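Asker: Quick one: the structure is below, questions incoming.
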Amino acid sequence: MSRFLFVVIPERGHLHPYLGPALHLQARGHEVWFFAEAPLDAVLEPLGLRRWPLHPPAPAVRHAGEEFSARARDAAWLRQWVAGVLLDDVERQVLRIEAAITTLRPAALVLDPMVYAGAIAAHRVGLPWAAVSNSLNPVLPAELDSELLRTVAWLAPRRAALFAAHGMAPMFRGCDLLAPGLTVCFSSRALVAEPPAGVQLVGASLPPRPREPASGIDWAARSGRPRVLVSLGSQVYHQPRMFRTIATALADMDVELVASIGELDPAPLGPWPPGAVLRRWLPQLEVLAHTDVMITHGGANSVMEALAYDVPLLVSPICNDQFHQAELVRRTGLGRVLDLHTASPQACREALEALLRPEARARVAGCMPRDGALRCAELLEAWIAGSG
């Protein structure tokens, strides 16, 4: 059996897709570690997964909440932030990943393809690495345009120079490195069409057991009305204007609302529909199993997970790759796209009414395989066997 070191960005949206493949590898007898320089024990330990370094130097800076949500709408600020995430501190991080490799002696690295330091460290020590993406970067249509892709083009010379200094000239698509041996994307042809050569589509990455504590909601005792889930992710969720629009839109609809609102005070956002469930955080996979429509910011995980549960989407992108998912949902008819920061409650209500029709649910049925985590683990297992 082999030892795998997953190298990830320590943010919930980046971490969650790797939990399923890691658990499947572990169940198949492999040893799994995560390299992440932030305290992730609350997520990893309940699942029996381990993190390196054992004692991270300091808590990670929190890229979430009111200030971050506001700044993310400033294109100039966001461009510099993306540059920092992708390219700042790479050389020092290479040394830290090499130290982890020396201590743990993994057979291979499994990389978040935006952690460029992982590929450089693997190259320097002669270790195989695979790219497992938490976004749609590896399969984006060539003609797609977005502020994020323009930022990546702006960064491309600096990024190329970074790798050239280590004797590397890897392939990229969007923000992501493409691995020479194996690149995995958690999506399906129904959403992204035919993938580029070398990219494996496996479906949504759902873990084999719950990744979060249960909600405690008695679903059997709920109203039986159509249910709308609202979640704007783990970073840019502080959007009072959007929540007010949603609350007003739902006022005259016979639906039940379940919403994750973060630190927002729900009182000034309402009035909310009768029986609304408003929580700081919700276990998304549990709630999706009882959901008819999801209103989302368009994060890749949320889109793939909702489609895996046959839930149509109302996508309101806020920043970065959320616009990529929104555009593909629009093109494929798997949902609607609406800017809830500027749209009227009437427009929101009309979009929801359309998505609650049976034909909308039928359109998404079966479009996203639910066994992507297992298929990813199987690909990693076969790949490392062939790399030996």
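Chains: A, B, ... in order of the structure tokens. Residues: from 1 per chain. Ligands: from 1, in order shown.
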I need the residues in segment 169-266 of chain A that are helix (DSSP H, G or I) according to DSSP; give them as an mmCIF file with N, CA and C atoms, in the first residue's frame.
Answerer:
```cif
data_model
loop_
_atom_site.group_PDB
_atom_site.id
_atom_site.type_symbol
_atom_site.label_atom_id
_atom_site.label_comp_id
_atom_site.auth_asym_id
_atom_site.auth_seq_id
_atom_site.Cartn_x
_atom_site.Cartn_y
_atom_site.Cartn_z
ATOM 1 N N ARG A 189 -19.708 15.641 -18.244
ATOM 2 C CA ARG A 189 -19.892 16.158 -19.595
ATOM 3 C C ARG A 189 -21.199 16.935 -19.729
ATOM 4 N N ALA A 190 -22.173 16.612 -18.898
ATOM 5 C CA ALA A 190 -23.439 17.348 -18.970
ATOM 6 C C ALA A 190 -23.246 18.826 -18.683
ATOM 7 N N LEU A 191 -22.234 19.163 -17.893
ATOM 8 C CA LEU A 191 -21.963 20.563 -17.552
ATOM 9 C C LEU A 191 -20.835 21.157 -18.383
ATOM 10 N N VAL A 192 -19.780 20.394 -18.636
ATOM 11 C CA VAL A 192 -18.580 20.984 -19.237
ATOM 12 C C VAL A 192 -18.239 20.420 -20.612
ATOM 13 N N TRP A 219 -36.465 16.465 9.317
ATOM 14 C CA TRP A 219 -36.981 16.693 7.973
ATOM 15 C C TRP A 219 -38.369 16.090 7.785
ATOM 16 N N ALA A 220 -38.618 14.962 8.425
ATOM 17 C CA ALA A 220 -39.920 14.303 8.275
ATOM 18 C C ALA A 220 -41.051 15.149 8.842
ATOM 19 N N ALA A 221 -40.724 16.010 9.799
ATOM 20 C CA ALA A 221 -41.752 16.823 10.444
ATOM 21 C C ALA A 221 -41.940 18.181 9.772
ATOM 22 N N PRO A 240 -25.849 41.209 2.722
ATOM 23 C CA PRO A 240 -27.202 41.541 3.199
ATOM 24 C C PRO A 240 -28.148 41.943 2.083
ATOM 25 N N ARG A 241 -27.651 42.665 1.082
ATOM 26 C CA ARG A 241 -28.528 43.080 -0.029
ATOM 27 C C ARG A 241 -29.118 41.865 -0.734
ATOM 28 N N MET A 242 -28.327 40.843 -0.959
ATOM 29 C CA MET A 242 -28.807 39.648 -1.642
ATOM 30 C C MET A 242 -29.833 38.908 -0.794
ATOM 31 N N PHE A 243 -29.566 38.797 0.511
ATOM 32 C CA PHE A 243 -30.508 38.096 1.376
ATOM 33 C C PHE A 243 -31.835 38.851 1.476
ATOM 34 N N ARG A 244 -31.798 40.184 1.495
ATOM 35 C CA ARG A 244 -33.047 40.953 1.539
ATOM 36 C C ARG A 244 -33.877 40.709 0.279
ATOM 37 N N THR A 245 -33.196 40.650 -0.859
ATOM 38 C CA THR A 245 -33.903 40.380 -2.117
ATOM 39 C C THR A 245 -34.564 39.012 -2.071
ATOM 40 N N ILE A 246 -33.838 38.033 -1.573
ATOM 41 C CA ILE A 246 -34.381 36.677 -1.496
ATOM 42 C C ILE A 246 -35.571 36.622 -0.542
ATOM 43 N N ALA A 247 -35.433 37.240 0.631
ATOM 44 C CA ALA A 247 -36.520 37.223 1.614
ATOM 45 C C ALA A 247 -37.777 37.861 1.042
ATOM 46 N N THR A 248 -37.616 38.986 0.343
ATOM 47 C CA THR A 248 -38.771 39.664 -0.243
ATOM 48 C C THR A 248 -39.389 38.824 -1.355
ATOM 49 N N ALA A 249 -38.538 38.194 -2.160
ATOM 50 C CA ALA A 249 -39.030 37.356 -3.259
ATOM 51 C C ALA A 249 -39.856 36.186 -2.749
ATOM 52 N N LEU A 250 -39.453 35.620 -1.628
ATOM 53 C CA LEU A 250 -40.129 34.435 -1.100
ATOM 54 C C LEU A 250 -41.400 34.773 -0.318
#
```
Asker: Show me, as JSON lines, the residues of segment 163-212 of chain A having an atom within 8 Å of segment 294-318 of chain A, each with the closest atom pair and its distance in Å, using only C-alpha atoms.
Answerer:
```
{"residue": "A:Phe186", "atom": "CA", "partner": "A:Met304", "partner_atom": "CA", "distance": 7.5}
{"residue": "A:Ser187", "atom": "CA", "partner": "A:Met304", "partner_atom": "CA", "distance": 6.5}
{"residue": "A:Gly203", "atom": "CA", "partner": "A:Met304", "partner_atom": "CA", "distance": 7.7}
{"residue": "A:Ala204", "atom": "CA", "partner": "A:Met304", "partner_atom": "CA", "distance": 5.4}
{"residue": "A:Ser205", "atom": "CA", "partner": "A:Glu305", "partner_atom": "CA", "distance": 7.6}
{"residue": "A:Leu206", "atom": "CA", "partner": "A:Glu305", "partner_atom": "CA", "distance": 7.4}
```
Asker: Print the selection's residues with N, CA and C atoms to a file, as a short mmCIF file (atom, residue, chain, number, x, y, z; two decimals), in the first residue's frame.
Answerer:
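The new file part_38.cif reads:
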```cif
data_model
loop_
_atom_site.label_atom_id
_atom_site.label_comp_id
_atom_site.auth_asym_id
_atom_site.auth_seq_id
_atom_site.Cartn_x
_atom_site.Cartn_y
_atom_site.Cartn_z
N PHE A 186 -13.71 17.33 -10.84
CA PHE A 186 -14.95 16.84 -10.27
C PHE A 186 -16.15 17.48 -10.99
N SER A 187 -16.44 16.96 -12.19
CA SER A 187 -17.58 17.45 -12.94
C SER A 187 -18.01 16.38 -13.93
N GLY A 203 -17.24 13.26 -11.85
CA GLY A 203 -18.46 13.55 -11.13
C GLY A 203 -18.19 14.30 -9.84
N ALA A 204 -19.22 14.48 -9.04
CA ALA A 204 -19.09 15.25 -7.81
C ALA A 204 -18.33 14.46 -6.75
N SER A 205 -17.59 15.18 -5.92
CA SER A 205 -16.80 14.54 -4.84
C SER A 205 -17.61 14.55 -3.56
N LEU A 206 -18.40 13.50 -3.35
CA LEU A 206 -19.18 13.36 -2.13
C LEU A 206 -18.48 12.35 -1.22
#
```
Asker: Which residues, written as a list in words, have at least one atom at most 10 Å from segment 48-57 of chain A, with only C-alpha atoms counted and residues fewer than 6 positions away on the same chain left out?
Answerer: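 Residues meeting the cut-off are Leu5, Phe6, Val7, Leu19, Ala22, Leu23, Gln26, Glu31, Val32, Trp33, Phe34, Phe35, Ala36, Glu37, Ala38, Pro39, Leu40, Asp41, Arg96, Ile97, Ala99, Ala100, Thr103 and Leu104 of chain A.
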Asker: Restricted to N, CA and C atoms, what would the selected residues look like written as a PDB file, in the first residue's frame?
Answerer:
```pdb
ATOM      1  N   LEU A   5       0.373  12.182   0.112  1.00  0.00           N
ATOM      2  CA  LEU A   5       0.376  13.472   0.787  1.00  0.00           C
ATOM      3  C   LEU A   5      -0.440  14.440  -0.051  1.00  0.00           C
ATOM      4  N   PHE A   6      -1.614  14.831   0.472  1.00  0.00           N
ATOM      5  CA  PHE A   6      -2.456  15.820  -0.187  1.00  0.00           C
ATOM      6  C   PHE A   6      -1.952  17.210   0.208  1.00  0.00           C
ATOM      7  N   VAL A   7      -1.672  18.049  -0.778  1.00  0.00           N
ATOM      8  CA  VAL A   7      -1.180  19.407  -0.534  1.00  0.00           C
ATOM      9  C   VAL A   7      -2.283  20.371  -0.953  1.00  0.00           C
ATOM     10  N   LEU A  19     -11.664  15.416   0.724  1.00  0.00           N
ATOM     11  CA  LEU A  19     -11.970  14.529   1.843  1.00  0.00           C
ATOM     12  C   LEU A  19     -12.472  13.173   1.354  1.00  0.00           C
ATOM     13  N   ALA A  22      -9.628  11.028  -0.148  1.00  0.00           N
ATOM     14  CA  ALA A  22      -8.729  10.631   0.937  1.00  0.00           C
ATOM     15  C   ALA A  22      -9.335   9.503   1.765  1.00  0.00           C
ATOM     16  N   LEU A  23     -10.624   9.607   2.074  1.00  0.00           N
ATOM     17  CA  LEU A  23     -11.276   8.566   2.868  1.00  0.00           C
ATOM     18  C   LEU A  23     -11.356   7.256   2.105  1.00  0.00           C
ATOM     19  N   GLN A  26      -7.914   5.713   2.138  1.00  0.00           N
ATOM     20  CA  GLN A  26      -7.675   5.177   3.470  1.00  0.00           C
ATOM     21  C   GLN A  26      -8.404   3.841   3.650  1.00  0.00           C
ATOM     22  N   GLU A  31      -2.193   5.019   3.275  1.00  0.00           N
ATOM     23  CA  GLU A  31      -2.009   6.009   4.332  1.00  0.00           C
ATOM     24  C   GLU A  31      -2.112   7.399   3.714  1.00  0.00           C
ATOM     25  N   VAL A  32      -2.870   8.271   4.365  1.00  0.00           N
ATOM     26  CA  VAL A  32      -3.141   9.596   3.811  1.00  0.00           C
ATOM     27  C   VAL A  32      -2.773  10.674   4.823  1.00  0.00           C
ATOM     28  N   TRP A  33      -2.045  11.685   4.347  1.00  0.00           N
ATOM     29  CA  TRP A  33      -1.725  12.876   5.126  1.00  0.00           C
ATOM     30  C   TRP A  33      -2.140  14.105   4.323  1.00  0.00           C
ATOM     31  N   PHE A  34      -2.425  15.187   5.040  1.00  0.00           N
ATOM     32  CA  PHE A  34      -2.698  16.475   4.405  1.00  0.00           C
ATOM     33  C   PHE A  34      -1.614  17.456   4.822  1.00  0.00           C
ATOM     34  N   PHE A  35      -1.020  18.137   3.833  1.00  0.00           N
ATOM     35  CA  PHE A  35      -0.127  19.254   4.123  1.00  0.00           C
ATOM     36  C   PHE A  35      -0.952  20.533   4.007  1.00  0.00           C
ATOM     37  N   ALA A  36      -1.114  21.220   5.136  1.00  0.00           N
ATOM     38  CA  ALA A  36      -1.859  22.471   5.148  1.00  0.00           C
ATOM     39  C   ALA A  36      -1.385  23.283   6.337  1.00  0.00           C
ATOM     40  N   GLU A  37      -0.941  24.503   6.058  1.00  0.00           N
ATOM     41  CA  GLU A  37      -0.349  25.321   7.116  1.00  0.00           C
ATOM     42  C   GLU A  37      -1.406  26.163   7.823  1.00  0.00           C
ATOM     43  N   ALA A  38      -2.375  25.472   8.366  1.00  0.00           N
ATOM     44  CA  ALA A  38      -3.425  26.106   9.167  1.00  0.00           C
ATOM     45  C   ALA A  38      -4.112  25.022   9.975  1.00  0.00           C
ATOM     46  N   PRO A  39      -4.697  25.370  11.092  1.00  0.00           N
ATOM     47  CA  PRO A  39      -5.381  24.370  11.913  1.00  0.00           C
ATOM     48  C   PRO A  39      -6.620  23.826  11.200  1.00  0.00           C
ATOM     49  N   LEU A  40      -6.565  22.578  10.789  1.00  0.00           N
ATOM     50  CA  LEU A  40      -7.700  21.926  10.143  1.00  0.00           C
ATOM     51  C   LEU A  40      -8.184  20.727  10.945  1.00  0.00           C
ATOM     52  N   ASP A  41      -7.728  20.639  12.182  1.00  0.00           N
ATOM     53  CA  ASP A  41      -8.013  19.448  12.972  1.00  0.00           C
ATOM     54  C   ASP A  41      -9.508  19.240  13.170  1.00  0.00           C
ATOM     55  N   ARG A  96       9.178  24.203   2.830  1.00  0.00           N
ATOM     56  CA  ARG A  96       8.370  23.571   3.872  1.00  0.00           C
ATOM     57  C   ARG A  96       7.753  22.264   3.378  1.00  0.00           C
ATOM     58  N   ILE A  97       7.348  22.229   2.115  1.00  0.00           N
ATOM     59  CA  ILE A  97       6.798  20.990   1.559  1.00  0.00           C
ATOM     60  C   ILE A  97       7.903  19.950   1.406  1.00  0.00           C
ATOM     61  N   ALA A  99      10.418  19.644   3.339  1.00  0.00           N
ATOM     62  CA  ALA A  99      10.653  19.118   4.685  1.00  0.00           C
ATOM     63  C   ALA A  99       9.604  18.078   5.046  1.00  0.00           C
ATOM     64  N   ALA A 100       8.340  18.313   4.656  1.00  0.00           N
ATOM     65  CA  ALA A 100       7.289  17.330   4.901  1.00  0.00           C
ATOM     66  C   ALA A 100       7.562  16.041   4.134  1.00  0.00           C
ATOM     67  N   THR A 103      10.223  14.023   5.872  1.00  0.00           N
ATOM     68  CA  THR A 103       9.754  13.376   7.097  1.00  0.00           C
ATOM     69  C   THR A 103       8.766  12.252   6.812  1.00  0.00           C
ATOM     70  N   LEU A 104       7.800  12.495   5.954  1.00  0.00           N
ATOM     71  CA  LEU A 104       6.720  11.532   5.737  1.00  0.00           C
ATOM     72  C   LEU A 104       7.044  10.497   4.666  1.00  0.00           C
TER      73      LEU A 104
END
```
Asker: Quick check for you: according to DSSP on this backbone, which residues of segment 142-378 of chain A are classed as strand (DSSP E or B)? Reply as a ChimeraX atom specification.
Answerer: /A:171-173,176-178,183-185,199-201,205,227-231,256-260,277-279,293-296,313-315,335-337,371
Asker: Which polymer residues have any atom within 10 Å of an atom of Ile217 of chain A, counting only C-alpha atoms, with same-chain residues fewer than 3 positions away left out, as a VMD selection string?
Answerer: chain A and resid 214 220 to 222 277 286 to 287
Asker: Could you give me, as a Markdown table, every segment 127-243 of chain A residue with an atom at most 7 Å from segment 68-84 of chain A, plus its closest atom pair and distance in Å to one decimal, counting only C-alpha atoms, rows ordered by chain then number?
Answerer:
```
| residue | atom | partner | partner_atom | distance |
| --- | --- | --- | --- | --- |
| A:Thr151 | CA | A:Arg79 | CA | 6.0 |
| A:Gln235 | CA | A:Ser69 | CA | 7.0 |
| A:Val236 | CA | A:Ser69 | CA | 4.4 |
| A:Tyr237 | CA | A:Ser69 | CA | 6.8 |
| A:His238 | CA | A:Ser69 | CA | 5.8 |
```
Asker: Within 9 Å of Arg280 of chain A, counting only C-alpha atoms, which residues qualify if same-chain residues fewer than 4 places away don't, as a ChimeraX atom specification?
Answerer: /A:259-264
Asker: Using only C-alpha atoms, which of the listed residues (A:Thr342, A:Pro213, A:Glu67, A:Ala326) sits closest to Leu47 of chain A?
Answerer: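 Selected residue with least distance to Leu47 of chain A: A:Pro213.
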Asker: Which is closer to Asn320 of chain A than all the others in A:Gly174, A:Arg158, A:Ala119, A:Val90, using only C-alpha atoms?
Answerer: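 Of the candidates, the smallest distance to Asn320 of chain A is held by A:Gly174.
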Asker: When distances are computed from only C-alpha atoms, which of A:Leu155, A:Leu149, A:Leu15, A:Val85 shows the smallest separation from Cys319 of chain A?
Answerer: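 For Cys319 of chain A, the nearest of the candidates is A:Leu149.
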Asker: Enter the distance from atom CA of Ala121 of chain A to atom CA of Ala42 of chain A, in Å, rounded to one decimal.
Answerer: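 These two atoms are separated by 27.4 Å.
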Asker: Tell me, in Å to one decimal, how far atom CA of Leu127 of chain A is from atom CA of Ala108 of chain A.
Answerer: 6.0 Å
Asker: What is the distance between atom CA of Gly224 of chain A and atom CA of Arg209 of chain A, in Å to one decimal?
Answerer: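 Computed distance, atom CA of Gly224 of chain A to atom CA of Arg209 of chain A, equals 26.3 Å.
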Asker: Just the residues within 9 Å of Glu256 of chain A, please, counting only C-alpha atoms, with nothing from its chain fewer than 2 positions along; format it as an mmCIF file with N, CA and C atoms, in the first residue's frame.
Answerer:
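result00.cif written:
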```cif
data_model
loop_
_atom_site.group_PDB
_atom_site.id
_atom_site.type_symbol
_atom_site.label_atom_id
_atom_site.label_comp_id
_atom_site.auth_asym_id
_atom_site.auth_seq_id
_atom_site.Cartn_x
_atom_site.Cartn_y
_atom_site.Cartn_z
ATOM 1 N N ARG A 222 -41.161 18.458 8.726
ATOM 2 C CA ARG A 222 -41.277 19.761 8.081
ATOM 3 C C ARG A 222 -42.562 19.855 7.272
ATOM 4 N N SER A 223 -42.800 20.976 6.657
ATOM 5 C CA SER A 223 -44.104 21.319 6.083
ATOM 6 C C SER A 223 -44.507 20.496 4.867
ATOM 7 N N GLY A 224 -43.548 19.998 4.126
ATOM 8 C CA GLY A 224 -43.869 19.337 2.879
ATOM 9 C C GLY A 224 -43.966 20.278 1.696
ATOM 10 N N ARG A 225 -43.829 21.586 1.943
ATOM 11 C CA ARG A 225 -43.805 22.551 0.843
ATOM 12 C C ARG A 225 -42.484 22.448 0.095
ATOM 13 N N PRO A 226 -42.411 22.922 -1.146
ATOM 14 C CA PRO A 226 -41.119 22.959 -1.851
ATOM 15 C C PRO A 226 -40.092 23.715 -1.008
ATOM 16 N N ARG A 227 -38.876 23.219 -0.999
ATOM 17 C CA ARG A 227 -37.852 23.787 -0.120
ATOM 18 C C ARG A 227 -36.758 24.459 -0.944
ATOM 19 N N VAL A 228 -36.396 25.672 -0.542
ATOM 20 C CA VAL A 228 -35.324 26.448 -1.178
ATOM 21 C C VAL A 228 -34.173 26.559 -0.191
ATOM 22 N N LEU A 229 -33.004 26.141 -0.617
ATOM 23 C CA LEU A 229 -31.777 26.283 0.171
ATOM 24 C C LEU A 229 -31.006 27.495 -0.335
ATOM 25 N N LEU A 250 -39.453 35.620 -1.628
ATOM 26 C CA LEU A 250 -40.129 34.435 -1.100
ATOM 27 C C LEU A 250 -41.400 34.773 -0.318
ATOM 28 N N MET A 253 -44.514 33.395 -1.878
ATOM 29 C CA MET A 253 -44.399 32.054 -2.451
ATOM 30 C C MET A 253 -44.665 31.003 -1.380
ATOM 31 N N ASP A 254 -45.309 29.937 -1.775
ATOM 32 C CA ASP A 254 -45.622 28.852 -0.846
ATOM 33 C C ASP A 254 -44.443 27.882 -0.806
ATOM 34 N N VAL A 258 -34.537 27.312 3.859
ATOM 35 C CA VAL A 258 -33.447 26.911 4.737
ATOM 36 C C VAL A 258 -32.227 27.686 4.266
ATOM 37 N N PRO A 273 -40.065 33.987 5.318
ATOM 38 C CA PRO A 273 -41.259 33.138 5.190
ATOM 39 C C PRO A 273 -41.515 32.368 6.483
ATOM 40 N N PRO A 274 -42.771 32.042 6.784
ATOM 41 C CA PRO A 274 -43.077 31.270 7.993
ATOM 42 C C PRO A 274 -42.310 29.958 8.022
ATOM 43 N N GLY A 275 -41.751 29.632 9.189
ATOM 44 C CA GLY A 275 -41.036 28.372 9.357
ATOM 45 C C GLY A 275 -39.634 28.354 8.794
ATOM 46 N N ALA A 276 -39.112 29.512 8.398
ATOM 47 C CA ALA A 276 -37.763 29.553 7.825
ATOM 48 C C ALA A 276 -36.740 29.059 8.837
ATOM 49 N N VAL A 277 -35.765 28.298 8.346
ATOM 50 C CA VAL A 277 -34.648 27.823 9.160
ATOM 51 C C VAL A 277 -33.431 28.658 8.780
#
```
